[in-house]
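*Asks:* work_39.txt is reproduced below (compact mmCIF, C-alpha atoms).
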```txt
# COMPACT_ATOMS: atom_id res chain seq x y z
CA MET W 1 -18.13 -12.49 40.65
CA SER W 2 -17.25 -13.81 37.19
CA ALA W 3 -18.85 -10.69 35.71
CA LEU W 4 -15.89 -8.63 36.98
CA VAL W 5 -13.45 -10.73 34.91
CA THR W 6 -15.46 -10.22 31.73
CA LEU W 7 -16.03 -6.55 32.53
CA ALA W 8 -12.28 -5.87 32.74
CA VAL W 9 -11.96 -6.98 29.09
CA ILE W 10 -15.27 -5.88 27.58
CA GLY W 11 -15.62 -2.57 29.50
CA PRO W 12 -12.72 -0.67 27.91
CA LEU W 13 -13.60 -1.97 24.42
CA LEU W 14 -17.23 -0.81 24.79
CA ALA W 15 -16.04 2.58 26.08
CA ALA W 16 -13.71 2.86 23.06
CA GLY W 17 -16.63 2.21 20.73
CA LEU W 18 -18.75 4.77 22.56
CA GLY W 19 -15.90 7.31 22.42
CA LEU W 20 -15.63 6.90 18.65
CA ALA W 21 -19.41 7.05 18.20
CA VAL W 22 -19.90 10.49 19.78
CA PRO W 23 -18.95 13.60 17.77
CA ARG W 24 -15.41 14.95 17.96
CA TRP W 25 -15.75 16.97 21.14
CA PRO W 26 -12.50 16.60 23.08
CA ARG W 27 -14.24 17.21 26.45
CA VAL W 28 -16.82 14.46 25.90
CA ARG W 29 -14.23 11.99 24.62
CA ASP W 30 -11.95 12.80 27.57
CA ALA W 31 -14.82 12.19 29.98
CA ILE W 32 -15.64 8.83 28.32
CA THR W 33 -11.98 7.78 28.32
CA LEU W 34 -11.41 8.75 31.95
CA THR W 35 -14.64 7.03 33.05
CA GLY W 36 -13.74 3.90 31.08
CA LEU W 37 -10.20 3.70 32.44
CA ALA W 38 -11.23 4.51 36.02
CA GLY W 39 -14.04 1.93 35.78
CA THR W 40 -11.59 -0.72 34.55
CA ALA W 41 -9.17 0.11 37.36
CA ALA W 42 -12.03 -0.09 39.89
CA ALA W 43 -13.11 -3.47 38.45
CA ALA W 44 -9.50 -4.66 38.76
CA VAL W 45 -9.34 -3.62 42.42
CA ALA W 46 -12.69 -5.31 43.14
CA LEU W 47 -11.42 -8.42 41.34
CA LEU W 48 -8.24 -8.42 43.44
CA ILE W 49 -10.30 -8.20 46.67
CA ASN W 50 -12.59 -11.02 45.52
CA VAL W 51 -9.77 -13.30 44.39
CA ARG W 52 -7.87 -12.65 47.64
CA ARG W 53 -10.96 -13.65 49.63
CA ASP W 54 -12.45 -16.51 47.56
CA GLY W 55 -9.60 -17.84 45.41
CA ALA W 56 -9.12 -17.90 41.63
CA ILE W 57 -12.09 -17.22 39.31
CA VAL W 58 -12.45 -19.15 36.03
CA VAL W 59 -14.85 -17.92 33.33
CA ARG W 60 -15.72 -20.19 30.40
CA VAL W 61 -16.71 -17.70 27.70
CA GLY W 62 -19.94 -18.86 26.05
CA GLY W 63 -20.06 -21.95 28.26
CA TRP W 64 -17.74 -23.97 25.96
CA SER W 65 -15.52 -26.68 27.40
CA PRO W 66 -11.96 -25.47 28.14
CA ASP W 67 -10.56 -27.71 25.38
CA LEU W 68 -12.52 -25.89 22.68
CA GLY W 69 -13.54 -22.46 23.94
CA ILE W 70 -11.92 -19.39 25.43
CA VAL W 71 -11.21 -19.42 29.15
CA LEU W 72 -10.54 -16.35 31.28
CA VAL W 73 -8.66 -17.05 34.50
CA ALA W 74 -8.19 -14.53 37.31
CA ASP W 75 -5.80 -15.80 39.96
CA LEU W 76 -4.14 -13.64 42.59
CA PHE W 77 -1.09 -12.78 40.47
CA ALA W 78 -3.18 -11.92 37.40
CA ALA W 79 -5.46 -9.68 39.49
CA LEU W 80 -2.45 -7.93 41.01
CA ILE W 81 -0.84 -7.30 37.59
CA LEU W 82 -4.22 -6.10 36.27
CA VAL W 83 -4.47 -3.51 39.06
CA VAL W 84 -0.94 -2.25 38.35
CA ALA W 85 -1.51 -2.11 34.56
CA THR W 86 -4.88 -0.36 34.64
CA ALA W 87 -3.70 2.16 37.26
CA THR W 88 -0.64 2.94 35.11
CA ILE W 89 -2.74 3.48 31.98
CA LEU W 90 -5.12 5.75 33.93
CA VAL W 91 -2.16 7.90 35.06
CA VAL W 92 -0.82 7.98 31.49
CA GLU W 93 -4.17 9.29 30.22
CA ILE W 94 -4.24 12.01 32.90
CA PHE W 95 -0.68 12.98 31.91
CA SER W 96 -1.64 13.06 28.23
CA ILE W 97 -4.56 15.40 29.01
CA GLY W 98 -2.13 17.63 30.92
CA GLN W 99 0.27 17.70 27.96
CA ARG W 100 -2.41 18.96 25.59
CA GLY W 101 -1.58 22.18 23.79
CA THR W 102 2.17 21.68 24.16
CA ALA W 103 4.41 20.55 21.31
CA ALA W 104 4.32 16.96 22.61
CA GLY W 105 0.53 17.04 22.88
CA ALA W 106 -1.40 14.29 21.14
CA ASP W 107 -4.71 14.41 19.27
CA PRO W 108 -7.35 13.91 22.01
CA ASN W 109 -9.88 12.54 19.54
CA ILE W 110 -7.67 9.57 18.68
CA VAL W 111 -5.60 8.91 21.80
CA GLY W 112 -8.55 8.33 24.16
CA PRO W 113 -10.34 5.55 22.23
CA VAL W 114 -7.05 3.91 21.19
CA LEU W 115 -5.83 3.91 24.78
CA LEU W 116 -9.08 2.19 25.78
CA VAL W 117 -8.56 -0.52 23.13
CA LEU W 118 -5.02 -0.93 24.46
CA THR W 119 -6.43 -1.38 27.98
CA GLY W 120 -8.83 -4.06 26.71
CA GLY W 121 -5.90 -5.87 25.09
CA VAL W 122 -3.79 -5.64 28.26
CA SER W 123 -6.67 -7.02 30.37
CA LEU W 124 -7.22 -9.87 27.90
CA ALA W 125 -3.49 -10.72 27.82
CA ILE W 126 -3.37 -10.87 31.62
CA LEU W 127 -6.62 -12.78 32.14
CA THR W 128 -6.57 -15.22 29.23
CA GLY W 129 -6.20 -18.93 29.88
CA ASP W 130 -4.97 -20.06 26.47
CA LEU W 131 -2.08 -19.35 24.13
CA PHE W 132 -4.09 -18.39 21.07
CA THR W 133 -6.18 -15.76 22.89
CA LEU W 134 -2.86 -14.47 24.22
CA PHE W 135 -1.79 -13.99 20.59
CA VAL W 136 -5.02 -12.13 19.82
CA ALA W 137 -4.53 -9.94 22.92
CA PHE W 138 -0.94 -9.15 21.88
CA GLU W 139 -2.22 -8.11 18.47
CA LEU W 140 -4.81 -5.82 20.10
CA ILE W 141 -2.06 -4.20 22.19
CA LEU W 142 0.35 -3.95 19.25
CA VAL W 143 -2.15 -2.48 16.80
CA SER W 144 -3.15 0.20 19.33
CA SER W 145 0.50 0.97 20.00
CA TYR W 146 1.17 1.31 16.24
CA VAL W 147 -1.64 3.85 16.01
CA LEU W 148 -0.48 5.72 19.13
CA LEU W 149 3.07 5.90 17.72
CA THR W 150 2.21 7.07 14.22
CA HIS W 151 -1.10 8.94 14.48
CA GLN W 152 0.51 12.35 13.93
CA ALA W 153 2.20 10.86 10.82
CA GLN W 154 5.11 13.28 10.77
CA ARG W 155 8.45 12.18 9.38
CA ALA W 156 10.04 11.27 12.75
CA GLN W 157 7.01 9.22 13.81
CA VAL W 158 6.83 7.32 10.53
CA ARG W 159 10.59 6.65 10.56
CA SER W 160 10.63 5.26 14.11
CA GLY W 161 7.22 3.63 13.83
CA MET W 162 8.20 1.66 10.75
CA THR W 163 11.09 -0.14 12.44
CA TYR W 164 8.87 -0.87 15.43
CA VAL W 165 6.03 -2.19 13.27
CA VAL W 166 8.25 -4.44 11.14
CA ILE W 167 10.03 -5.97 14.16
CA ASN W 168 6.72 -6.61 15.91
CA LEU W 169 5.12 -8.11 12.79
CA LEU W 170 8.03 -10.54 12.51
CA ALA W 171 7.88 -11.37 16.22
CA SER W 172 4.12 -11.98 16.30
CA THR W 173 4.28 -14.18 13.19
CA LEU W 174 7.01 -16.25 14.84
CA PHE W 175 4.78 -16.48 17.92
CA LEU W 176 1.97 -17.81 15.72
CA LEU W 177 4.33 -20.42 14.20
CA GLY W 178 5.31 -21.37 17.75
CA ILE W 179 1.64 -21.84 18.68
CA ALA W 180 1.26 -24.16 15.68
CA PHE W 181 4.20 -26.26 16.90
CA VAL W 182 2.85 -26.35 20.46
CA TYR W 183 -0.57 -27.44 19.20
CA ALA W 184 0.99 -30.06 16.91
CA SER W 185 2.94 -31.63 19.75
CA THR W 186 0.44 -31.35 22.64
CA GLY W 187 -3.00 -31.03 21.03
CA THR W 188 -4.08 -28.15 23.25
CA VAL W 189 -3.39 -24.44 23.63
CA ASN W 190 -4.95 -24.19 27.08
CA LEU W 191 -2.23 -23.06 29.50
CA ALA W 192 -3.43 -25.37 32.27
CA GLY W 193 -3.63 -28.28 29.79
CA LEU W 194 -0.11 -27.51 28.55
CA ALA W 195 1.24 -27.65 32.11
CA GLU W 196 -0.07 -31.23 32.33
CA ARG W 197 0.92 -32.44 28.86
CA ILE W 198 4.37 -30.93 28.34
CA PRO W 199 6.06 -33.17 30.98
CA GLU W 200 4.62 -36.21 29.12
CA LEU W 201 6.25 -35.17 25.82
CA ASP W 202 9.07 -37.15 24.30
CA THR W 203 12.19 -35.21 25.23
CA GLY W 204 13.65 -35.69 21.71
CA ILE W 205 16.37 -33.21 20.87
CA PHE W 206 16.22 -31.77 24.36
CA GLU W 207 17.56 -35.03 25.80
CA ASN W 208 21.11 -33.76 26.06
CA SER W 209 20.43 -30.06 25.99
CA MET W 210 21.33 -27.53 28.65
CA ILE W 211 17.71 -26.46 29.07
CA GLU W 212 16.51 -27.42 32.52
CA GLY W 213 13.06 -28.79 33.21
CA TRP W 214 12.59 -30.58 29.89
CA SER W 215 13.56 -34.05 30.96
CA MET A 1 1.69 -34.38 8.89
CA SER A 2 2.12 -34.25 5.15
CA GLY A 3 5.61 -33.76 3.74
CA ALA A 4 4.29 -31.38 1.10
CA LEU A 5 2.97 -29.05 3.81
CA ILE A 6 6.39 -29.02 5.54
CA VAL A 7 8.09 -28.13 2.26
CA ALA A 8 5.48 -25.42 1.61
CA VAL A 9 5.97 -23.92 5.09
CA SER A 10 9.76 -23.86 4.79
CA ALA A 11 9.63 -22.32 1.32
CA LEU A 12 7.18 -19.64 2.49
CA VAL A 13 9.25 -18.84 5.59
CA GLY A 14 12.46 -18.66 3.55
CA ALA A 15 10.99 -16.35 0.92
CA GLY A 16 9.24 -14.25 3.60
CA ILE A 17 12.38 -13.72 5.69
CA PHE A 18 14.36 -12.90 2.52
CA LEU A 19 11.82 -10.22 1.52
CA ILE A 20 11.58 -8.78 5.06
CA THR A 21 15.33 -8.14 5.17
CA SER A 22 15.10 -5.76 2.20
CA ARG A 23 14.87 -2.02 2.58
CA SER A 24 11.79 -1.30 0.52
CA LEU A 25 8.55 -1.37 2.52
CA SER A 26 6.52 -2.83 -0.34
CA ARG A 27 8.82 -5.88 -0.30
CA ILE A 28 8.52 -6.08 3.49
CA VAL A 29 4.73 -6.14 3.14
CA LEU A 30 4.97 -9.02 0.65
CA GLY A 31 7.39 -10.85 2.93
CA PHE A 32 5.06 -10.42 5.86
CA ALA A 33 2.14 -11.76 3.81
CA LEU A 34 4.20 -14.86 2.93
CA LEU A 35 5.16 -15.37 6.60
CA GLY A 36 1.49 -15.07 7.58
CA HIS A 37 0.61 -17.77 5.06
CA ALA A 38 3.41 -19.95 6.41
CA ALA A 39 1.91 -19.61 9.89
CA VAL A 40 -1.56 -20.49 8.61
CA VAL A 41 -0.32 -23.55 6.70
CA SER A 42 1.62 -24.77 9.73
CA LEU A 43 -1.49 -24.28 11.91
CA LEU A 44 -3.46 -26.46 9.49
CA ALA A 45 -0.68 -29.04 9.43
CA ALA A 46 -0.79 -29.04 13.26
CA GLY A 47 -4.41 -30.25 13.05
CA GLY A 48 -3.30 -33.65 11.84
CA ARG A 49 -5.02 -35.81 9.24
CA ALA A 50 -7.87 -34.29 7.22
CA GLY A 51 -11.29 -35.84 7.75
CA ALA A 52 -14.95 -35.10 7.20
CA PRO A 53 -16.23 -31.50 7.68
CA PRO A 54 -16.23 -30.72 11.42
CA ILE A 55 -20.00 -30.46 11.81
CA ALA A 56 -21.44 -32.57 14.63
CA GLY A 57 -23.57 -35.46 13.40
CA SER A 58 -22.97 -34.75 9.70
CA SER A 59 -20.98 -37.90 9.01
CA ASP A 60 -19.88 -41.17 10.54
CA ASP A 61 -16.23 -40.68 9.49
CA THR A 62 -13.65 -39.10 11.74
CA ILE A 63 -14.05 -35.34 11.47
CA SER A 64 -11.18 -32.87 10.97
CA ASP A 65 -9.89 -31.06 14.03
CA PRO A 66 -11.95 -27.81 13.99
CA LEU A 67 -9.65 -25.86 16.32
CA PRO A 68 -6.73 -25.17 13.90
CA GLN A 69 -9.27 -24.01 11.34
CA ALA A 70 -10.63 -21.45 13.81
CA PHE A 71 -7.05 -20.38 14.63
CA SER A 72 -6.23 -20.01 10.93
CA LEU A 73 -9.31 -17.91 10.29
CA THR A 74 -8.39 -15.53 13.13
CA ALA A 75 -4.77 -15.39 12.00
CA ILE A 76 -5.78 -14.63 8.39
CA VAL A 77 -8.01 -11.73 9.51
CA ILE A 78 -5.32 -10.28 11.78
CA SER A 79 -2.54 -10.52 9.19
CA PHE A 80 -4.83 -9.00 6.57
CA GLY A 81 -5.52 -5.97 8.79
CA LEU A 82 -1.86 -5.55 9.68
CA THR A 83 -0.84 -5.77 6.01
CA LEU A 84 -3.22 -2.90 5.27
CA PHE A 85 -1.73 -0.87 8.14
CA VAL A 86 1.82 -1.36 6.87
CA LEU A 87 0.69 -0.44 3.34
CA ALA A 88 -0.82 2.79 4.72
CA LEU A 89 2.46 3.47 6.53
CA ALA A 90 4.40 2.86 3.29
CA ARG A 91 2.09 5.27 1.45
CA ARG A 92 2.64 7.94 4.13
CA GLN A 93 6.39 7.42 3.90
CA GLN A 94 6.14 7.87 0.13
CA VAL A 95 4.23 11.14 0.57
CA LEU A 96 6.80 12.40 3.09
CA THR A 97 10.06 11.33 1.43
CA GLY A 98 9.21 10.33 -2.15
CA ASP A 99 10.08 6.64 -1.70
CA ASP A 100 9.14 3.81 0.64
CA LEU A 101 12.60 2.87 1.95
CA VAL A 102 13.11 2.22 5.65
CA GLU A 103 15.35 5.01 6.92
CA ASP A 104 18.34 4.55 9.22
CA ASP A 105 17.60 4.90 12.90
CA ILE A 106 19.98 7.69 13.97
CA GLU A 107 19.64 6.97 17.70
CA ASP A 108 20.36 3.31 17.06
CA ARG A 109 23.51 4.16 15.11
CA ARG A 110 24.66 6.32 18.02
CA ILE A 111 24.10 3.54 20.56
CA ALA A 112 25.88 1.05 18.28
CA ALA A 113 28.84 3.41 18.04
CA LEU A 114 28.94 3.66 21.84
CA ALA A 115 28.86 -0.12 22.18
CA ASP A 116 31.82 -0.46 19.80
CA GLY A 117 33.94 1.59 22.21
CA ASP A 118 33.87 4.35 19.66
CA SER A 119 32.76 6.79 22.33
CA ASP A 120 34.80 9.74 21.00
CA ASN A 121 33.04 9.56 17.67
CA ALA A 122 29.66 9.21 19.33
CA ARG A 123 30.32 12.25 21.49
CA THR A 124 31.38 14.43 18.56
CA ASP A 125 28.40 13.09 16.69
CA GLN A 126 26.11 14.26 19.46
CA ALA A 127 27.86 17.61 19.70
CA ALA A 128 27.64 18.10 15.96
CA THR A 129 23.89 17.55 15.79
CA PRO A 130 22.40 18.93 19.00
CA SER A 131 19.23 20.12 17.31
CA ASP A 132 18.47 16.63 16.04
CA GLY A 133 18.91 15.18 19.52
CA GLU A 134 16.48 17.71 20.96
CA ALA A 135 13.94 17.08 18.25
CA THR A 136 13.82 13.36 18.87
CA ALA A 137 13.99 13.60 22.68
```
Give the structure from the file, written as structure tokens.
*Replies:*
Amino acid sequence: MSALVTLAVIGPLLAAGLGLAVPRWPRVRDAITLTGLAGTAAAAVALLINVRRDGAIVVRVGGWSPDLGIVLVADLFAALILVVATATILVVEIFSIGQRGTAAGADPNIVGPVLLVLTGGVSLAILTGDLFTLFVAFELILVSSYVLLTHQAQRAQVRSGMTYVVINLLASTLFLLGIAFVYASTGTVNLAGLAERIPELDTGIFENSMIEGWS
Amino acid sequence: MSGALIVAVSALVGAGIFLITSRSLSRIVLGFALLGHAAVVSLLAAGGRAGAPPIAGSSDDTISDPLPQAFSLTAIVISFGLTLFVLALARRQQVLTGDDLVEDDIEDRRIAALADGDSDNARTDQAATPSDGEATA
């Protein structure tokens, strides 16, 4: 059942590519988007049922060892969050189709594919087993949200979008610096590996700190 | 970890943060590029001592840690794409307003005024500009 884990990440991204490849017919793009999102939600539900029955699923992407390669992990909590997230995005897309033609309506040719990329990023963020892939997934989510915010490019969107973009750029760069520090001190970015190695770390400046769980 | 790399990272972070706090988007873009480089340099420093090229069987010496290099490559590509996006946003802002300055967030000002206990002002503010409130809602 490891195919379901990969499908939840790859499926929406492939559908986004397909949506952008067909001509700009709103009906066709809507159909692709809805199929992609509903398929991802269905995969998430199937994953939840499987994980509930058989326990957590671990996928080593490309067959690399967990120390070097990317690992996707679907435990019960991740599967549950994935179901909630994909169902929410599906409802958002249905709402956005309903809003079409009104003043708040969005461009159907852009919103569908971008929403699918966002879904792929959300799935990857939930299912990933290491910190650096989490960073990549955050960037996928953030870039799609920048485009969703500013795609009409009117003055209000650009004004609000700019603050949002700058704050998020700063935050994700700080996250990257944090990953570098974590890797420097533990030698791994795998979340399961970190759980083992962080208790072995020299407590250092945290010796007398108020932060619990470091000593 | 080399002391020169630590100095380089701190200088890049300092200059980057200084540029990001300015109002002009072109400076923010430059500041973000510097911060991205700081992150890449610190990732490389996290890899420890440099060694032979990380190709299996190419040399008998200890090889460099290949993982931080892969991280850096990904981070470079991502920050390059984001820099282009912010530049496009700055260009759009220039077309719309004639400059690339970050504008004040009116809603944020209003919330800040409320938090200061300045609720009377905030209320008159809202009453004075109802059309603006509707437009952004």
*Asks:* Taking 4 positions as the minimum chain separation for residues in the same chain, which residues sit within 10 Å of Thr33 of chain W when counting all atoms listed in the file? Answer as a PyMOL selection string.
*Replies:* chain W and resi 12+15-16+18-19+27-29+37-39+90+93-94+108+111-116
*Asks:* In Å, with one decimal, what is the gap from atom CA of Ile110 of chain W to atom CA of Ala153 of chain W?
*Replies:*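 For atom CA of Ile110 of chain W relative to atom CA of Ala153 of chain W, the distance reads 12.7 Å.
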*Asks:* Counting only C-alpha atoms, what are the residues of chain W within 10 Å of chain A, and for each of them which pair of atoms is the nearest and at what distance in Å, to one decimal? Sort the table by chain and rising number, as CSV.
*Replies:*
```
residue,atom,partner,partner_atom,distance
W:Asp67,CA,A:Leu67,CA,9.3
W:Leu68,CA,A:Leu67,CA,7.0
W:Gly69,CA,A:Leu67,CA,9.2
W:Phe132,CA,A:Phe71,CA,7.4
W:Thr133,CA,A:Phe71,CA,9.5
W:Phe135,CA,A:Ala75,CA,9.2
W:Val136,CA,A:Thr74,CA,8.2
W:Glu139,CA,A:Ile78,CA,7.7
W:Leu140,CA,A:Ile78,CA,9.5
W:Leu142,CA,A:Leu82,CA,10.0
W:Val143,CA,A:Leu82,CA,7.8
W:Tyr146,CA,A:Phe85,CA,8.9
W:Val147,CA,A:Phe85,CA,9.2
W:Thr150,CA,A:Leu89,CA,8.5
W:Ala153,CA,A:Arg92,CA,7.3
W:Gln154,CA,A:Leu96,CA,7.9
W:Arg155,CA,A:Leu96,CA,6.5
W:Ala156,CA,A:Thr136,CA,7.5
W:Gln157,CA,A:Thr136,CA,9.4
W:Val158,CA,A:Gln93,CA,6.6
W:Arg159,CA,A:Glu103,CA,6.2
W:Ser160,CA,A:Asp105,CA,7.1
W:Gly161,CA,A:Leu89,CA,8.7
W:Met162,CA,A:Val102,CA,7.1
W:Thr163,CA,A:Val102,CA,7.5
W:Val165,CA,A:Val86,CA,7.7
W:Val166,CA,A:Ile28,CA,7.8
W:Ile167,CA,A:Ile20,CA,9.6
W:Leu169,CA,A:Phe32,CA,7.3
W:Leu170,CA,A:Phe32,CA,7.3
W:Ser172,CA,A:Gly36,CA,9.6
W:Thr173,CA,A:Gly36,CA,6.3
W:Leu174,CA,A:Ala39,CA,7.9
W:Phe175,CA,A:Ala39,CA,9.1
W:Leu176,CA,A:Ala39,CA,6.1
W:Leu177,CA,A:Ala39,CA,5.0
W:Gly178,CA,A:Ala39,CA,8.7
W:Ile179,CA,A:Leu43,CA,7.8
W:Ala180,CA,A:Leu43,CA,4.7
W:Phe181,CA,A:Ala46,CA,6.8
W:Val182,CA,A:Ala46,CA,8.5
W:Tyr183,CA,A:Ala46,CA,6.2
W:Ala184,CA,A:Ala46,CA,4.2
W:Ser185,CA,A:Ala46,CA,7.9
W:Thr186,CA,A:Ala46,CA,9.7
W:Gly187,CA,A:Gly47,CA,8.1
W:Thr188,CA,A:Leu67,CA,9.2
W:Val189,CA,A:Leu67,CA,9.7
```
*Asks:* So how far away is atom CA of Ala85 of chain W from atom CA of Ser65 of chain W, in Å?
*Replies:*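 Atom CA of Ala85 of chain W lies 29.2 Å from atom CA of Ser65 of chain W.
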*Asks:* Quick one, how far is atom CA of Val84 of chain W from atom CA of Gly193 of chain W?
*Replies:* 27.5 Å
*Asks:* Counting all atoms listed in the file, which of A:Val77, A:Leu34, A:Leu114, A:Leu5 gets nearest to Leu19 of chain A?
*Replies:*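 Closest to Leu19 of chain A of all the choices is A:Leu34.
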*Asks:* Gly55 of chain W: which residues within 12 Å, counting only C-alpha atoms, same-chain residues fewer than 2 positions away excluded, as a list of chain:residue names?
*Replies:*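 In the requested form, the answer reads W:Met1, W:Ser2, W:Leu47, W:Leu48, W:Ile49, W:Asn50, W:Val51, W:Arg52, W:Arg53, W:Ile57, W:Val58, W:Val73, W:Ala74, W:Asp75, W:Leu76, W:Phe77, W:Ala78, W:Ala79.
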*Asks:* If you keep C-alpha atoms, can you produce a file of those selected residues as a compact mmCIF listing (two decimals), in the coordinates of the input?
*Replies:*
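What landed in selection.txt:
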```txt
# COMPACT_ATOMS: atom_id res chain seq x y z
CA MET W 1 -18.13 -12.49 40.65
CA SER W 2 -17.25 -13.81 37.19
CA LEU W 47 -11.42 -8.42 41.34
CA LEU W 48 -8.24 -8.42 43.44
CA ILE W 49 -10.30 -8.20 46.67
CA ASN W 50 -12.59 -11.02 45.52
CA VAL W 51 -9.77 -13.30 44.39
CA ARG W 52 -7.87 -12.65 47.64
CA ARG W 53 -10.96 -13.65 49.63
CA ILE W 57 -12.09 -17.22 39.31
CA VAL W 58 -12.45 -19.15 36.03
CA VAL W 73 -8.66 -17.05 34.50
CA ALA W 74 -8.19 -14.53 37.31
CA ASP W 75 -5.80 -15.80 39.96
CA LEU W 76 -4.14 -13.64 42.59
CA PHE W 77 -1.09 -12.78 40.47
CA ALA W 78 -3.18 -11.92 37.40
CA ALA W 79 -5.46 -9.68 39.49
```
